[in-house]
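Participant: Okay, so here is data-v4.tsv, and as you'll see once you scroll down, it has TSV, C-alpha atoms and all ligand atoms.
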chain	number	residue	atom	x	y	z
U	1	MET	CA	3.97	23.32	11.46
U	2	ARG	CA	3.05	19.65	11.46
U	3	THR	CA	3.83	17.16	8.69
U	4	VAL	CA	2.94	13.49	8.37
U	5	THR	CA	3.62	11.07	5.50
U	6	CYS	CA	1.57	7.88	5.31
U	7	ALA	CA	1.15	4.91	2.99
U	8	ALA	CA	-2.15	3.09	2.41
U	9	PRO	CA	-2.82	-0.15	0.55
U	10	VAL	CA	-5.07	-1.21	-2.29
U	11	ASN	CA	-7.95	-3.55	-1.47
U	12	ILE	CA	-9.63	-6.03	-3.78
U	13	ALA	CA	-13.27	-6.93	-3.21
U	14	VAL	CA	-14.26	-10.59	-3.23
U	15	ILE	CA	-17.92	-9.59	-2.78
U	16	LYS	CA	-18.27	-6.50	-4.91
U	17	TYR	CA	-19.59	-3.04	-4.14
U	18	TRP	CA	-21.51	-2.04	-7.25
U	19	GLY	CA	-24.36	0.45	-6.88
U	20	LYS	CA	-25.25	3.22	-4.45
U	21	ARG	CA	-28.39	3.84	-2.43
U	22	ASP	CA	-27.22	7.44	-1.84
U	23	GLU	CA	-24.79	9.04	-4.29
U	24	ARG	CA	-23.92	12.10	-2.22
U	25	LEU	CA	-23.05	10.25	0.97
U	26	ILE	CA	-21.69	7.26	-0.99
U	27	LEU	CA	-23.87	4.60	0.60
U	28	PRO	CA	-23.91	1.21	-1.14
U	29	VAL	CA	-26.85	-1.03	-2.02
U	30	ASN	CA	-25.11	-4.08	-0.55
U	31	ASP	CA	-22.42	-5.10	1.94
U	32	SER	CA	-19.06	-5.98	0.40
U	33	ILE	CA	-16.00	-7.95	1.55
U	34	SER	CA	-12.40	-7.38	0.50
U	35	PHE	CA	-8.80	-8.42	1.05
U	36	THR	CA	-6.32	-5.64	1.71
U	37	LEU	CA	-3.08	-6.09	-0.25
U	38	SER	CA	0.43	-5.70	1.09
U	39	LEU	CA	2.09	-2.29	0.98
U	40	ASP	CA	5.18	-3.87	-0.60
U	41	GLU	CA	4.18	-3.49	-4.25
U	42	MET	CA	1.17	-1.17	-4.61
U	43	TYR	CA	0.36	1.78	-2.40
U	44	SER	CA	-0.67	5.39	-2.21
U	45	LYS	CA	1.62	7.77	-0.38
U	46	THR	CA	0.33	11.06	1.02
U	47	THR	CA	2.08	13.87	2.82
U	48	VAL	CA	-0.09	16.31	4.74
U	49	SER	CA	1.30	19.53	6.24
U	50	ILE	CA	-0.53	22.18	8.24
U	51	SER	CA	1.08	25.47	9.11
U	52	PRO	CA	0.08	28.93	10.35
U	53	THR	CA	2.16	30.36	7.48
U	54	PHE	CA	0.18	28.70	4.66
U	55	THR	CA	-2.19	31.16	3.01
U	56	GLU	CA	-4.52	28.63	1.32
U	57	ASP	CA	-5.29	24.91	1.12
U	58	LYS	CA	-3.43	23.19	-1.75
U	59	PHE	CA	-3.38	19.74	-3.32
U	60	TRP	CA	-0.96	17.90	-5.64
U	61	LEU	CA	-1.75	14.53	-7.25
U	62	ASN	CA	1.10	12.55	-8.82
U	63	GLY	CA	3.25	15.70	-8.91
U	64	LYS	CA	0.65	17.99	-10.54
U	65	GLU	CA	-1.29	20.66	-8.69
U	66	GLU	CA	-5.04	19.95	-8.77
U	67	SER	CA	-8.04	21.95	-7.71
U	68	LEU	CA	-9.32	21.37	-4.19
U	69	GLU	CA	-12.85	22.08	-5.41
U	70	ASN	CA	-13.44	18.32	-5.74
U	71	PRO	CA	-16.44	17.70	-3.45
U	72	ARG	CA	-15.17	14.28	-2.40
U	73	ILE	CA	-11.88	15.68	-1.08
U	74	GLN	CA	-13.78	18.57	0.51
U	75	ASN	CA	-16.12	16.13	2.29
U	76	CYS	CA	-13.17	14.25	3.76
U	77	LEU	CA	-11.41	17.45	4.81
U	78	LYS	CA	-14.56	18.95	6.36
U	79	GLU	CA	-15.37	15.80	8.30
U	80	ILE	CA	-11.81	15.50	9.68
U	81	ARG	CA	-11.84	19.18	10.73
U	82	ARG	CA	-15.29	18.74	12.30
U	83	ARG	CA	-14.05	15.80	14.36
U	84	ALA	CA	-10.85	17.66	15.27
U	85	SER	CA	-12.87	20.67	16.45
U	86	LYS	CA	-15.02	18.39	18.61
U	87	ARG	CA	-11.86	17.12	20.30
U	88	LYS	CA	-10.69	20.68	20.78
U	89	LEU	CA	-13.91	21.62	22.53
U	90	GLU	CA	-13.23	18.70	24.81
U	91	GLY	CA	-10.05	20.52	25.84
U	92	SER	CA	-7.22	19.11	23.71
U	93	ASP	CA	-4.46	20.47	21.57
U	94	GLU	CA	-3.31	23.83	20.22
U	95	ASP	CA	-5.35	25.85	17.74
U	96	VAL	CA	-4.59	24.12	14.47
U	97	LEU	CA	-8.04	24.32	12.98
U	98	ASN	CA	-7.53	27.68	11.32
U	99	TRP	CA	-4.25	26.61	9.72
U	100	HIS	CA	-4.30	25.81	6.01
U	101	VAL	CA	-3.36	22.39	4.72
U	102	HIS	CA	-1.05	21.26	1.90
U	103	ILE	CA	-1.69	17.73	0.61
U	104	CYS	CA	0.64	15.85	-1.70
U	105	SER	CA	-0.56	12.44	-2.96
U	106	ALA	CA	0.94	9.87	-5.31
U	107	ASN	CA	0.25	6.29	-6.37
U	108	ASN	CA	3.08	3.97	-7.33
U	109	PHE	CA	0.75	2.25	-9.85
U	110	PRO	CA	-1.53	3.49	-12.67
U	111	THR	CA	-4.32	5.83	-11.54
U	112	ALA	CA	-7.92	5.07	-12.62
U	113	ALA	CA	-6.99	1.92	-14.52
U	114	GLY	CA	-9.33	-0.31	-12.57
U	115	LEU	CA	-6.47	-1.09	-10.18
U	116	ALA	CA	-8.23	0.30	-7.10
U	117	SER	CA	-6.19	3.51	-7.06
U	118	SER	CA	-9.00	5.65	-5.64
U	119	ALA	CA	-9.40	3.23	-2.73
U	120	ALA	CA	-5.76	3.49	-1.70
U	121	GLY	CA	-5.68	7.23	-2.46
U	122	TYR	CA	-8.63	8.29	-0.31
U	123	ALA	CA	-7.77	5.86	2.50
U	124	CYS	CA	-4.30	7.42	2.59
U	125	LEU	CA	-5.62	10.98	2.48
U	126	VAL	CA	-8.01	10.39	5.38
U	127	TYR	CA	-5.47	8.43	7.41
U	128	ALA	CA	-2.83	11.15	6.97
U	129	LEU	CA	-5.30	13.95	7.77
U	130	GLY	CA	-6.42	11.97	10.82
U	131	GLN	CA	-2.81	11.78	12.03
U	132	VAL	CA	-2.07	15.45	11.48
U	133	TYR	CA	-5.25	16.68	13.17
U	134	GLY	CA	-5.11	14.04	15.93
U	135	VAL	CA	-8.48	12.52	15.02
U	136	GLU	CA	-9.08	9.15	16.63
U	137	GLY	CA	-11.75	6.49	16.17
U	138	ASP	CA	-13.31	5.11	13.01
U	139	LEU	CA	-11.87	6.68	9.86
U	140	SER	CA	-13.58	4.27	7.44
U	141	SER	CA	-16.81	6.26	7.26
U	142	ILE	CA	-14.81	9.38	6.35
U	143	ALA	CA	-12.76	7.55	3.68
U	144	ARG	CA	-16.08	6.22	2.33
U	145	GLN	CA	-17.08	9.78	1.47
U	146	GLY	CA	-14.00	10.07	-0.77
U	147	SER	CA	-14.58	6.83	-2.66
U	148	GLY	CA	-16.78	3.98	-1.45
U	149	SER	CA	-14.18	1.23	-1.75
U	150	ALA	CA	-11.64	3.40	0.15
U	151	CYS	CA	-13.38	2.66	3.45
U	152	ARG	CA	-12.12	-0.93	3.26
U	153	SER	CA	-8.45	0.11	2.76
U	154	VAL	CA	-8.43	1.65	6.24
U	155	HIS	CA	-8.02	-1.87	7.69
U	156	GLY	CA	-5.77	-4.85	6.97
U	157	GLY	CA	-6.68	-8.47	6.18
U	158	LEU	CA	-10.27	-9.39	5.33
U	159	VAL	CA	-12.63	-6.45	5.72
U	160	ARG	CA	-16.41	-6.09	5.54
U	161	TRP	CA	-18.12	-2.85	4.58
U	162	TYR	CA	-21.59	-2.79	6.13
U	163	LYS	CA	-24.02	-0.96	3.88
U	164	GLY	CA	-25.98	0.33	6.87
U	165	GLU	CA	-29.67	1.18	7.02
U	166	MET	CA	-29.66	4.80	8.26
U	167	GLU	CA	-30.32	7.63	5.83
U	168	ASP	CA	-27.48	9.73	7.22
U	169	GLY	CA	-25.00	6.88	6.63
U	170	THR	CA	-23.76	6.74	10.22
U	171	ASP	CA	-24.00	2.93	10.25
U	172	SER	CA	-22.17	2.46	6.93
U	173	PHE	CA	-18.56	1.66	7.85
U	174	ALA	CA	-15.88	-0.98	7.36
U	175	ARG	CA	-14.60	-3.39	10.01
U	176	PRO	CA	-11.87	-6.05	9.90
U	177	ILE	CA	-13.32	-9.58	9.96
U	178	ALA	CA	-10.14	-11.72	9.80
U	179	PRO	CA	-6.38	-11.06	9.86
U	180	ALA	CA	-4.14	-11.04	6.77
U	181	ASN	CA	-2.76	-14.52	7.59
U	182	HIS	CA	-6.24	-16.07	7.93
U	183	PHE	CA	-5.55	-18.15	4.81
U	184	PRO	CA	-1.80	-18.60	5.39
U	185	ASN	CA	0.76	-17.72	2.73
U	186	LEU	CA	-1.79	-16.36	0.29
U	187	ARG	CA	-0.46	-14.66	-2.84
U	188	VAL	CA	-2.04	-12.20	-5.20
U	189	ILE	CA	-1.29	-12.04	-8.92
U	190	ILE	CA	-2.65	-9.06	-10.82
U	191	CYS	CA	-2.76	-9.79	-14.55
U	192	VAL	CA	-2.38	-6.40	-16.20
U	193	ALA	CA	-3.93	-6.47	-19.67
U	194	ASN	CA	-4.35	-2.72	-19.90
U	195	ASP	CA	-3.24	-0.04	-17.44
U	196	GLY	CA	-4.74	2.92	-19.31
U	197	ARG	CA	-7.65	4.96	-17.97
U	198	LYS	CA	-10.97	3.06	-18.06
U	199	LYS	CA	-13.73	4.15	-20.46
U	200	THR	CA	-16.62	4.28	-17.99
U	201	GLY	CA	-15.58	5.20	-14.47
U	202	SER	CA	-17.06	3.18	-11.56
U	203	THR	CA	-19.25	6.04	-10.37
U	204	GLU	CA	-20.93	6.45	-13.77
U	205	GLY	CA	-21.06	2.69	-14.39
U	206	MET	CA	-22.80	2.04	-11.06
U	207	ARG	CA	-25.32	4.80	-11.68
U	208	ARG	CA	-26.18	3.33	-15.06
U	209	THR	CA	-26.55	-0.16	-13.61
U	210	VAL	CA	-28.83	0.96	-10.78
U	211	GLN	CA	-30.98	2.99	-13.17
U	212	THR	CA	-31.30	0.54	-16.05
U	213	SER	CA	-30.47	-3.07	-15.17
U	214	ARG	CA	-33.30	-5.41	-14.20
U	215	LEU	CA	-30.77	-8.08	-13.37
U	216	MET	CA	-29.42	-5.67	-10.75
U	217	GLN	CA	-32.78	-5.88	-8.94
U	218	TYR	CA	-32.27	-9.64	-8.69
U	219	ARG	CA	-28.71	-9.12	-7.39
U	220	ILE	CA	-29.86	-6.67	-4.72
U	221	ARG	CA	-33.03	-8.47	-3.60
U	222	GLU	CA	-32.15	-12.12	-3.91
U	223	SER	CA	-28.54	-12.87	-4.62
U	224	VAL	CA	-25.79	-10.82	-3.04
U	225	GLY	CA	-27.12	-10.96	0.55
U	226	LEU	CA	-27.09	-14.76	0.52
U	227	ARG	CA	-23.62	-14.74	-1.00
U	228	ILE	CA	-22.37	-12.45	1.77
U	229	ASP	CA	-23.70	-14.96	4.35
U	230	SER	CA	-22.05	-17.88	2.53
U	231	MET	CA	-18.79	-15.94	2.27
U	232	MET	CA	-18.82	-15.12	6.00
U	233	GLN	CA	-19.34	-18.84	6.68
U	234	ALA	CA	-16.53	-19.87	4.26
U	235	ILE	CA	-14.19	-17.40	5.98
U	236	LYS	CA	-15.18	-18.58	9.45
U	237	GLU	CA	-14.60	-22.23	8.50
U	238	LYS	CA	-11.43	-21.38	6.52
U	239	ASN	CA	-13.03	-23.17	3.59
U	240	TRP	CA	-10.71	-22.03	0.79
U	241	SER	CA	-12.54	-23.91	-1.95
U	242	ALA	CA	-15.88	-22.25	-1.10
U	243	PHE	CA	-14.12	-18.88	-0.79
U	244	CYS	CA	-12.81	-19.31	-4.36
U	245	ASP	CA	-16.18	-20.31	-5.83
U	246	LEU	CA	-17.99	-17.41	-4.14
U	247	THR	CA	-15.36	-14.87	-5.22
U	248	ILE	CA	-15.61	-15.99	-8.85
U	249	ALA	CA	-19.41	-16.06	-8.77
U	250	ASP	CA	-19.66	-12.54	-7.38
U	251	SER	CA	-17.22	-11.07	-9.90
U	252	ASN	CA	-19.18	-12.73	-12.71
U	253	GLU	CA	-22.46	-11.41	-11.33
U	254	MET	CA	-21.08	-7.88	-11.12
U	255	HIS	CA	-19.96	-8.02	-14.75
U	256	ALA	CA	-23.29	-9.55	-15.78
U	257	VAL	CA	-25.22	-6.59	-14.28
U	258	CYS	CA	-22.74	-4.24	-15.99
U	259	GLN	CA	-23.46	-5.91	-19.31
U	260	ASP	CA	-27.21	-5.77	-18.59
U	261	SER	CA	-26.99	-1.97	-18.14
U	262	PHE	CA	-28.11	0.31	-20.95
U	263	PRO	CA	-25.93	1.22	-22.73
U	264	PRO	CA	-23.86	-1.73	-21.49
U	265	CYS	CA	-20.73	-1.20	-19.40
U	266	ILE	CA	-18.13	-3.61	-20.71
U	267	TYR	CA	-15.02	-3.88	-18.60
U	268	MET	CA	-13.74	-7.38	-19.37
U	269	SER	CA	-11.81	-7.96	-22.60
U	270	ASP	CA	-10.96	-11.11	-24.59
U	271	THR	CA	-7.80	-11.37	-22.49
U	272	SER	CA	-9.86	-11.16	-19.27
U	273	HIS	CA	-12.02	-14.06	-20.45
U	274	ALA	CA	-8.94	-16.03	-21.46
U	275	VAL	CA	-7.46	-15.61	-17.95
U	276	ALA	CA	-10.78	-16.63	-16.36
U	277	SER	CA	-11.03	-19.74	-18.50
U	278	LEU	CA	-7.41	-20.69	-17.73
U	279	VAL	CA	-8.23	-20.50	-14.01
U	280	HIS	CA	-11.27	-22.77	-14.47
U	281	GLN	CA	-9.17	-25.33	-16.37
U	282	TYR	CA	-6.50	-25.15	-13.68
U	283	ASN	CA	-9.10	-25.66	-10.95
U	284	GLU	CA	-10.58	-28.71	-12.74
U	285	ILE	CA	-7.16	-30.36	-12.50
U	286	GLN	CA	-6.83	-29.52	-8.80
U	287	ILE	CA	-10.36	-30.80	-8.13
U	288	SER	CA	-9.70	-34.04	-10.03
U	289	LYS	CA	-6.66	-34.63	-7.79
U	290	GLY	CA	-8.65	-33.80	-4.64
U	291	ASN	CA	-6.43	-30.74	-3.96
U	292	LEU	CA	-9.23	-28.30	-3.15
U	293	ASN	CA	-6.87	-26.15	-1.11
U	294	ASN	CA	-4.82	-25.48	-4.26
U	295	LYS	CA	-7.68	-23.86	-6.14
U	296	VAL	CA	-7.19	-20.36	-7.50
U	297	CYS	CA	-9.81	-17.65	-7.89
U	298	TYR	CA	-10.18	-14.55	-10.02
U	299	THR	CA	-12.05	-11.31	-9.60
U	300	PHE	CA	-12.31	-8.26	-11.88
U	301	ASP	CA	-12.96	-4.66	-10.84
U	302	ALA	CA	-14.15	-2.06	-13.34
U	303	GLY	CA	-11.40	-2.94	-15.80
U	304	PRO	CA	-9.93	-5.86	-17.77
U	305	ASN	CA	-7.23	-6.81	-15.25
U	306	ALA	CA	-7.78	-10.07	-13.38
U	307	CYS	CA	-6.84	-10.21	-9.74
U	308	LEU	CA	-5.98	-13.78	-8.78
U	309	PHE	CA	-5.86	-15.09	-5.20
U	310	VAL	CA	-3.42	-17.96	-5.23
U	311	PRO	CA	-2.30	-20.32	-2.41
U	312	GLY	CA	1.46	-19.95	-1.81
U	313	ALA	CA	2.00	-23.67	-2.60
U	314	VAL	CA	0.99	-23.15	-6.25
U	315	ALA	CA	2.04	-19.53	-6.80
U	316	ASN	CA	5.17	-20.38	-8.82
U	317	GLU	CA	3.20	-22.87	-10.89
U	318	MET	CA	0.51	-20.25	-11.61
U	319	LEU	CA	3.12	-17.65	-12.60
U	320	SER	CA	4.73	-20.19	-14.95
U	321	LEU	CA	1.36	-21.04	-16.43
U	322	LEU	CA	0.54	-17.37	-17.09
U	323	LEU	CA	4.00	-16.73	-18.53
U	324	ARG	CA	3.67	-19.62	-20.98
U	325	THR	CA	0.06	-18.85	-21.96
U	326	PHE	CA	0.53	-15.10	-22.41
U	327	PRO	CA	4.22	-14.76	-23.35
U	328	PRO	CA	5.46	-11.17	-23.32
U	329	SER	CA	6.16	-9.91	-26.83
U	330	SER	CA	9.39	-8.05	-26.25
U	331	PRO	CA	11.71	-8.76	-24.63
U	332	PRO	CA	10.55	-12.33	-23.90
U	333	ASN	CA	11.88	-12.29	-20.41
U	334	ALA	CA	10.28	-13.27	-17.12
U	335	ASP	CA	12.09	-10.54	-15.18
U	336	ASN	CA	10.18	-7.74	-16.87
U	337	PHE	CA	6.95	-9.67	-17.08
U	338	ILE	CA	6.71	-10.60	-13.40
U	339	ARG	CA	6.90	-7.50	-11.20
U	340	GLY	CA	7.01	-7.69	-7.45
U	341	MET	CA	7.98	-10.91	-5.70
U	342	LYS	CA	10.25	-12.97	-7.95
U	343	PRO	CA	9.40	-16.68	-8.29
U	344	GLN	CA	12.12	-19.14	-7.25
U	345	THR	CA	11.56	-21.58	-10.08
U	346	LEU	CA	9.50	-21.48	-13.23
U	347	SER	CA	8.52	-24.94	-14.32
U	348	LEU	CA	5.37	-26.69	-15.47
U	349	SER	CA	4.11	-30.26	-15.61
U	350	LYS	CA	3.36	-31.69	-19.07
U	351	GLU	CA	-0.35	-31.46	-18.27
U	352	LEU	CA	-0.15	-27.73	-17.51
U	353	GLU	CA	2.12	-27.10	-20.50
U	354	SER	CA	-0.55	-28.49	-22.77
U	355	ILE	CA	-3.25	-26.28	-21.18
U	356	ALA	CA	-1.00	-23.26	-21.68
U	357	ASP	CA	-0.36	-24.16	-25.31
U	358	GLU	CA	-4.05	-24.77	-25.94
U	359	ASN	CA	-4.89	-21.26	-24.65
U	360	ALA	CA	-1.89	-19.41	-26.09
U	361	GLN	CA	-2.78	-16.64	-28.58
U	362	SER	CA	-6.14	-16.17	-26.84
U	363	GLY	CA	-5.12	-12.88	-25.27
U	364	ARG	CA	-2.23	-10.64	-24.35
U	365	LEU	CA	-1.00	-9.54	-20.94
U	366	LYS	CA	1.36	-6.59	-20.44
U	367	TYR	CA	2.77	-7.75	-17.13
U	368	LEU	CA	1.93	-9.43	-13.82
U	369	ILE	CA	2.19	-7.95	-10.34
U	370	HIS	CA	2.99	-10.66	-7.80
U	371	THR	CA	2.23	-9.60	-4.25
U	372	LYS	CA	0.59	-10.71	-0.98
U	373	VAL	CA	-2.30	-9.75	1.24
U	374	GLY	CA	-1.38	-7.41	4.07
U	375	GLU	CA	-2.04	-4.87	6.77
U	376	GLY	CA	-3.70	-1.45	6.71
U	377	PRO	CA	-2.21	2.06	6.35
U	378	ARG	CA	0.81	3.21	8.28
U	379	VAL	CA	2.76	6.32	9.16
U	380	LEU	CA	6.09	6.56	7.32
U	381	THR	CA	7.46	9.80	8.76
U	382	GLU	CA	6.23	12.45	11.15
U	383	ASP	CA	7.55	15.82	12.34
B	1	LIG	C1	-15.58	-2.34	-9.04
B	1	LIG	O1	-15.06	2.98	-4.87
B	1	LIG	O2	-14.24	3.40	-7.21
B	1	LIG	O3	-13.88	-1.76	-7.52
B	1	LIG	O4	-17.61	5.03	-4.61
B	1	LIG	O5	-18.07	5.86	-6.91
B	1	LIG	O6	-15.79	6.16	-5.90
B	1	LIG	P1	-17.05	5.30	-5.97
B	1	LIG	O7	-16.61	3.92	-6.61
B	1	LIG	P2	-15.35	3.01	-6.32
B	1	LIG	O8	-15.95	1.61	-6.80
B	1	LIG	C2	-15.18	0.49	-6.95
B	1	LIG	C3	-16.01	-0.67	-7.28
B	1	LIG	C4	-15.28	-1.94	-7.61
B	1	LIG	C5	-15.73	-3.06	-6.70
B	1	LIG	C6	-15.27	-2.95	-5.26
B	1	LIG	O9	-14.15	-2.48	-5.00
B	1	LIG	O10	-16.03	-3.41	-4.40
What is this file in structure tokens?
Facilitator:
Amino acid sequence: MRTVTCAAPVNIAVIKYWGKRDERLILPVNDSISFTLSLDEMYSKTTVSISPTFTEDKFWLNGKEESLENPRIQNCLKEIRRRASKRKLEGSDEDVLNWHVHICSANNFPTAAGLASSAAGYACLVYALGQVYGVEGDLSSIARQGSGSACRSVHGGLVRWYKGEMEDGTDSFARPIAPANHFPNLRVIICVANDGRKKTGSTEGMRRTVQTSRLMQYRIRESVGLRIDSMMQAIKEKNWSAFCDLTIADSNEMHAVCQDSFPPCIYMSDTSHAVASLVHQYNEIQISKGNLNNKVCYTFDAGPNACLFVPGAVANEMLSLLLRTFPPSSPPNADNFIRGMKPQTLSLSKELESIADENAQSGRLKYLIHTKVGEGPRVLTED
């Protein structure tokens, strides 16, 4: 018997993946770029066991047994076994390929709430299977077949998923492009407005956008490719201000094509727009003071929860601003409201207090998750 337990992180795209050129192989219409988050606060954990005594393959998700019929899990499993059998033919290892597998997966954050749970989940599944079957080499193209965004969670730091040109998808994989500390001391604040299941899942939303949105044709043909080039340049030059503007612009474009779909896919709520406008007001102040490196940016996945990338120097200030603008209803206490890394001080300048008060009542947040960017998956235990 062999057992491995692994943890894999969430990733948040700054240039979004939205739309597939091949639904079965999960091949995207454009390249995307993401930051992998730290394993400290949000992760998927997966235990994989293989044993000659198991009589069938089995799968548990968040403590509940689920069917293994799911084609996405099957694709990942088949591809790992195919690669393992190739190694075996090359003369390695004992005969483990006929053993059945038991997989036990859990997220420590809400599943399917637009908090990138499928990305962490499939990256973890593939990484753990890879460990147990001794599969080496690129795992991102296998994770991609579970959920597109999962291919980027296989690596740490800043990651680019190349859409590829080939019909069989062999050139569609993710590669790291810069380490986690590329923009030093970067923080992430996730503003959770709603952690319930989203109405239109990403897969269905993307399909609708590709089939019905004319604005999407503009995004694919004229816009997102140029933005990828500008983003690569901003990253290379460590130009934080440009990074922020491009991240915001791409999130807004993704939600514009969602709204242009028929029927429209609406993911952002009044609270989402209130958070976005607070960030713009905050950035105006930083720009007026010439502090471009203190700008903050937001991005939204297929849900109402803003993900903010925040320079460490202003993280406490940003947390204080959010706390004052969106005060928790009960109990009114920062400890419950701010999960993850605790801020040292919570104080605001008069100028920021007045912005908070101006925007108060414009939305409601349930809680914040304060975390960092980080490294890729890792093995927790092995026997
Ligand atoms: C909005 O990876 O969940 O988070 O490939 O159909 O499983 P499938 O979709 P998924 O899409 C996530 C899209 C996004 C943007 C992004 O992460 O790039």
Participant: At most 6 Å is the cut-off: for each residue in chain U with any atom that close to an atom of ligand LIG 1 (chain B), write down the nearest atom pair and the distance in Å rounded to one decimal, counting only C-alpha atoms and all ligand atoms, chain first then increasing number, as CSV.
Facilitator:
residue,atom,partner,partner_atom,distance
U:Ile12,CA,B:LIG1,O9,5.9
U:Ala13,CA,B:LIG1,O10,4.6
U:Lys16,CA,B:LIG1,O10,3.9
U:Tyr17,CA,B:LIG1,O10,3.6
U:Trp18,CA,B:LIG1,C3,5.7
U:Ile26,CA,B:LIG1,O4,5.9
U:Ser118,CA,B:LIG1,O2,5.9
U:Ser147,CA,B:LIG1,O6,3.5
U:Gly148,CA,B:LIG1,O4,3.4
U:Ser149,CA,B:LIG1,O1,3.7
U:Ser202,CA,B:LIG1,O7,5.0
U:Thr203,CA,B:LIG1,O5,3.7
U:Asp301,CA,B:LIG1,C1,3.9
U:Ala302,CA,B:LIG1,C1,4.5
Participant: Choose the residue, out of U:Ile15, U:Ile73, U:Ala120, U:Leu365, that has the smallest atom-to-atom separation from Leu226 of chain U; count only C-alpha atoms.
Facilitator: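 Smallest distance to Leu226 of chain U is found for U:Ile15.
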Participant: So, counting all atoms listed in the file, which residue among U:Ser141, U:Asn293, U:Ser362, U:Thr325 is closest to Ser269 of chain U?
Facilitator: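 Closest to Ser269 of chain U of all the choices is U:Ser362.
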Participant: Could you please determine the separation between atom CA of Met42 of chain U and atom CA of Leu27 of chain U in Å, to one decimal place?
Facilitator: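 So the two atoms, atom CA of Met42 of chain U and atom CA of Leu27 of chain U, lie 26.2 Å apart.
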Participant: Grab the atom CA of Glu382 of chain U to atom CA of Ala143 of chain U distance for me, in Å with one decimal place.
Facilitator: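 Answer for the atom CA of Glu382 of chain U to atom CA of Ala143 of chain U separation: 21.0 Å.
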Participant: Identify, on the basis of only C-alpha atoms, every residue whose closest approach to Val154 of chain U does not exceed 6 Å; exclude the query and any residue fewer than 3 positions from it along the same chain; express the result as a list in words.
Facilitator: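 That gives Ala123, Ser140, Cys151 and Gly376 of chain U.
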Participant: Give me a file of those residues, with C-alpha atoms, as an mmCIF file, in the coordinates of the input.
Facilitator:
data_model
loop_
_atom_site.group_PDB
_atom_site.id
_atom_site.type_symbol
_atom_site.label_atom_id
_atom_site.label_comp_id
_atom_site.auth_asym_id
_atom_site.auth_seq_id
_atom_site.Cartn_x
_atom_site.Cartn_y
_atom_site.Cartn_z
ATOM 1 C CA ALA U 123 -7.770 5.860 2.500
ATOM 2 C CA SER U 140 -13.580 4.270 7.440
ATOM 3 C CA CYS U 151 -13.380 2.660 3.450
ATOM 4 C CA GLY U 376 -3.700 -1.450 6.710
#
Participant: Rank U:His102, U:Arg152, U:Lys342, U:His182 by their smallest atom-to-atom distance to Val132 of chain U, using all atoms listed in the file, and report the top residue only.
Facilitator: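 The answer is U:His102, which sits nearest to Val132 of chain U.
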Participant: Would you kindly return, as an NGL selection string, each protein, DNA or RNA residue with an atom no farther than 9 Å from any atom of Met318 of chain U, considering all atoms listed in the file and excluding same-chain residues fewer than 2 positions away?
Facilitator: :U and (189 or 282 or 296 or 310 or 314-316 or 320-323 or 348)
Participant: For each of U:Ala274, U:Ile287, U:Val379, U:Ala84, take the minimum atom-to-atom distance to Leu39 of chain U, counting only C-alpha atoms, then give the residue where this is smallest.
Facilitator: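 Distance minimum relative to Leu39 of chain U lands on U:Val379.
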Participant: I'd like the contact shell of Asp95 of chain U - 12 Å cut-off, only C-alpha atoms, skipping same-chain residues fewer than 4 positions apart - returned as a list of chain:residue names.
Facilitator: U:Met1, U:Ile50, U:Ser51, U:Pro52, U:Arg81, U:Ala84, U:Ser85, U:Arg87, U:Lys88, U:Leu89, U:Gly91, U:Trp99, U:His100, U:Tyr133, U:Gly134
Participant: Considering all atoms listed in the file, state which residue in the set U:Ile355, U:Met268, U:Ile33, U:Ala276 is at the smallest distance from Asn194 of chain U.
Facilitator: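 Of U:Ile355, U:Met268, U:Ile33, U:Ala276, the one nearest Asn194 of chain U, counting all atoms listed in the file, is U:Met268.
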Participant: Of the residues U:Lys372, U:Lys198, U:Arg160, U:Lys295, which is the one nearest to Asn181 of chain U, using only C-alpha atoms?
Facilitator: U:Lys372
Participant: Any idea what the distance is between atom CA of His370 of chain U and atom CA of Ala7 of chain U?
Facilitator: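 The value is 19.0 Å.
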Participant: For Phe300 of chain U, find every residue with an atom within 12 Å (counting all atoms listed in the file), except residues of its own chain fewer than 3 positions away, and show them as a ChimeraX atom specification.
Facilitator: /U:12-17,113-116,190-193,247-256,258,266-269,271-273,275-276,297,303-309
Participant: Can you pull out every residue within 12 Å of Gln211 of chain U, counting only C-alpha atoms, but drop anything in the same chain fewer than 6 positions away, and send it as a ChimeraX atom specification?
Facilitator: /U:19-21,204-205,217,257-258,260-264
Participant: For segment 201-205 of chain U, where the input has fewer atoms than it should, I would like N, CA and C atoms rebuilt and written as a tab-separated table (two decimals), keeping the file's coordinate frame.
Facilitator:
chain	number	residue	atom	x	y	z
U	201	GLY	N	-16.03	5.24	-15.87
U	201	GLY	CA	-15.58	5.20	-14.47
U	201	GLY	C	-16.60	4.44	-13.61
U	202	SER	N	-16.16	3.97	-12.43
U	202	SER	CA	-17.06	3.18	-11.56
U	202	SER	C	-18.30	3.96	-11.18
U	203	THR	N	-18.12	5.25	-10.86
U	203	THR	CA	-19.25	6.04	-10.37
U	203	THR	C	-20.35	6.09	-11.42
U	204	GLU	N	-19.96	6.38	-12.67
U	204	GLU	CA	-20.93	6.45	-13.77
U	204	GLU	C	-21.49	5.06	-14.08
U	205	GLY	N	-20.62	4.06	-14.09
U	205	GLY	CA	-21.06	2.69	-14.39
U	205	GLY	C	-22.10	2.21	-13.39
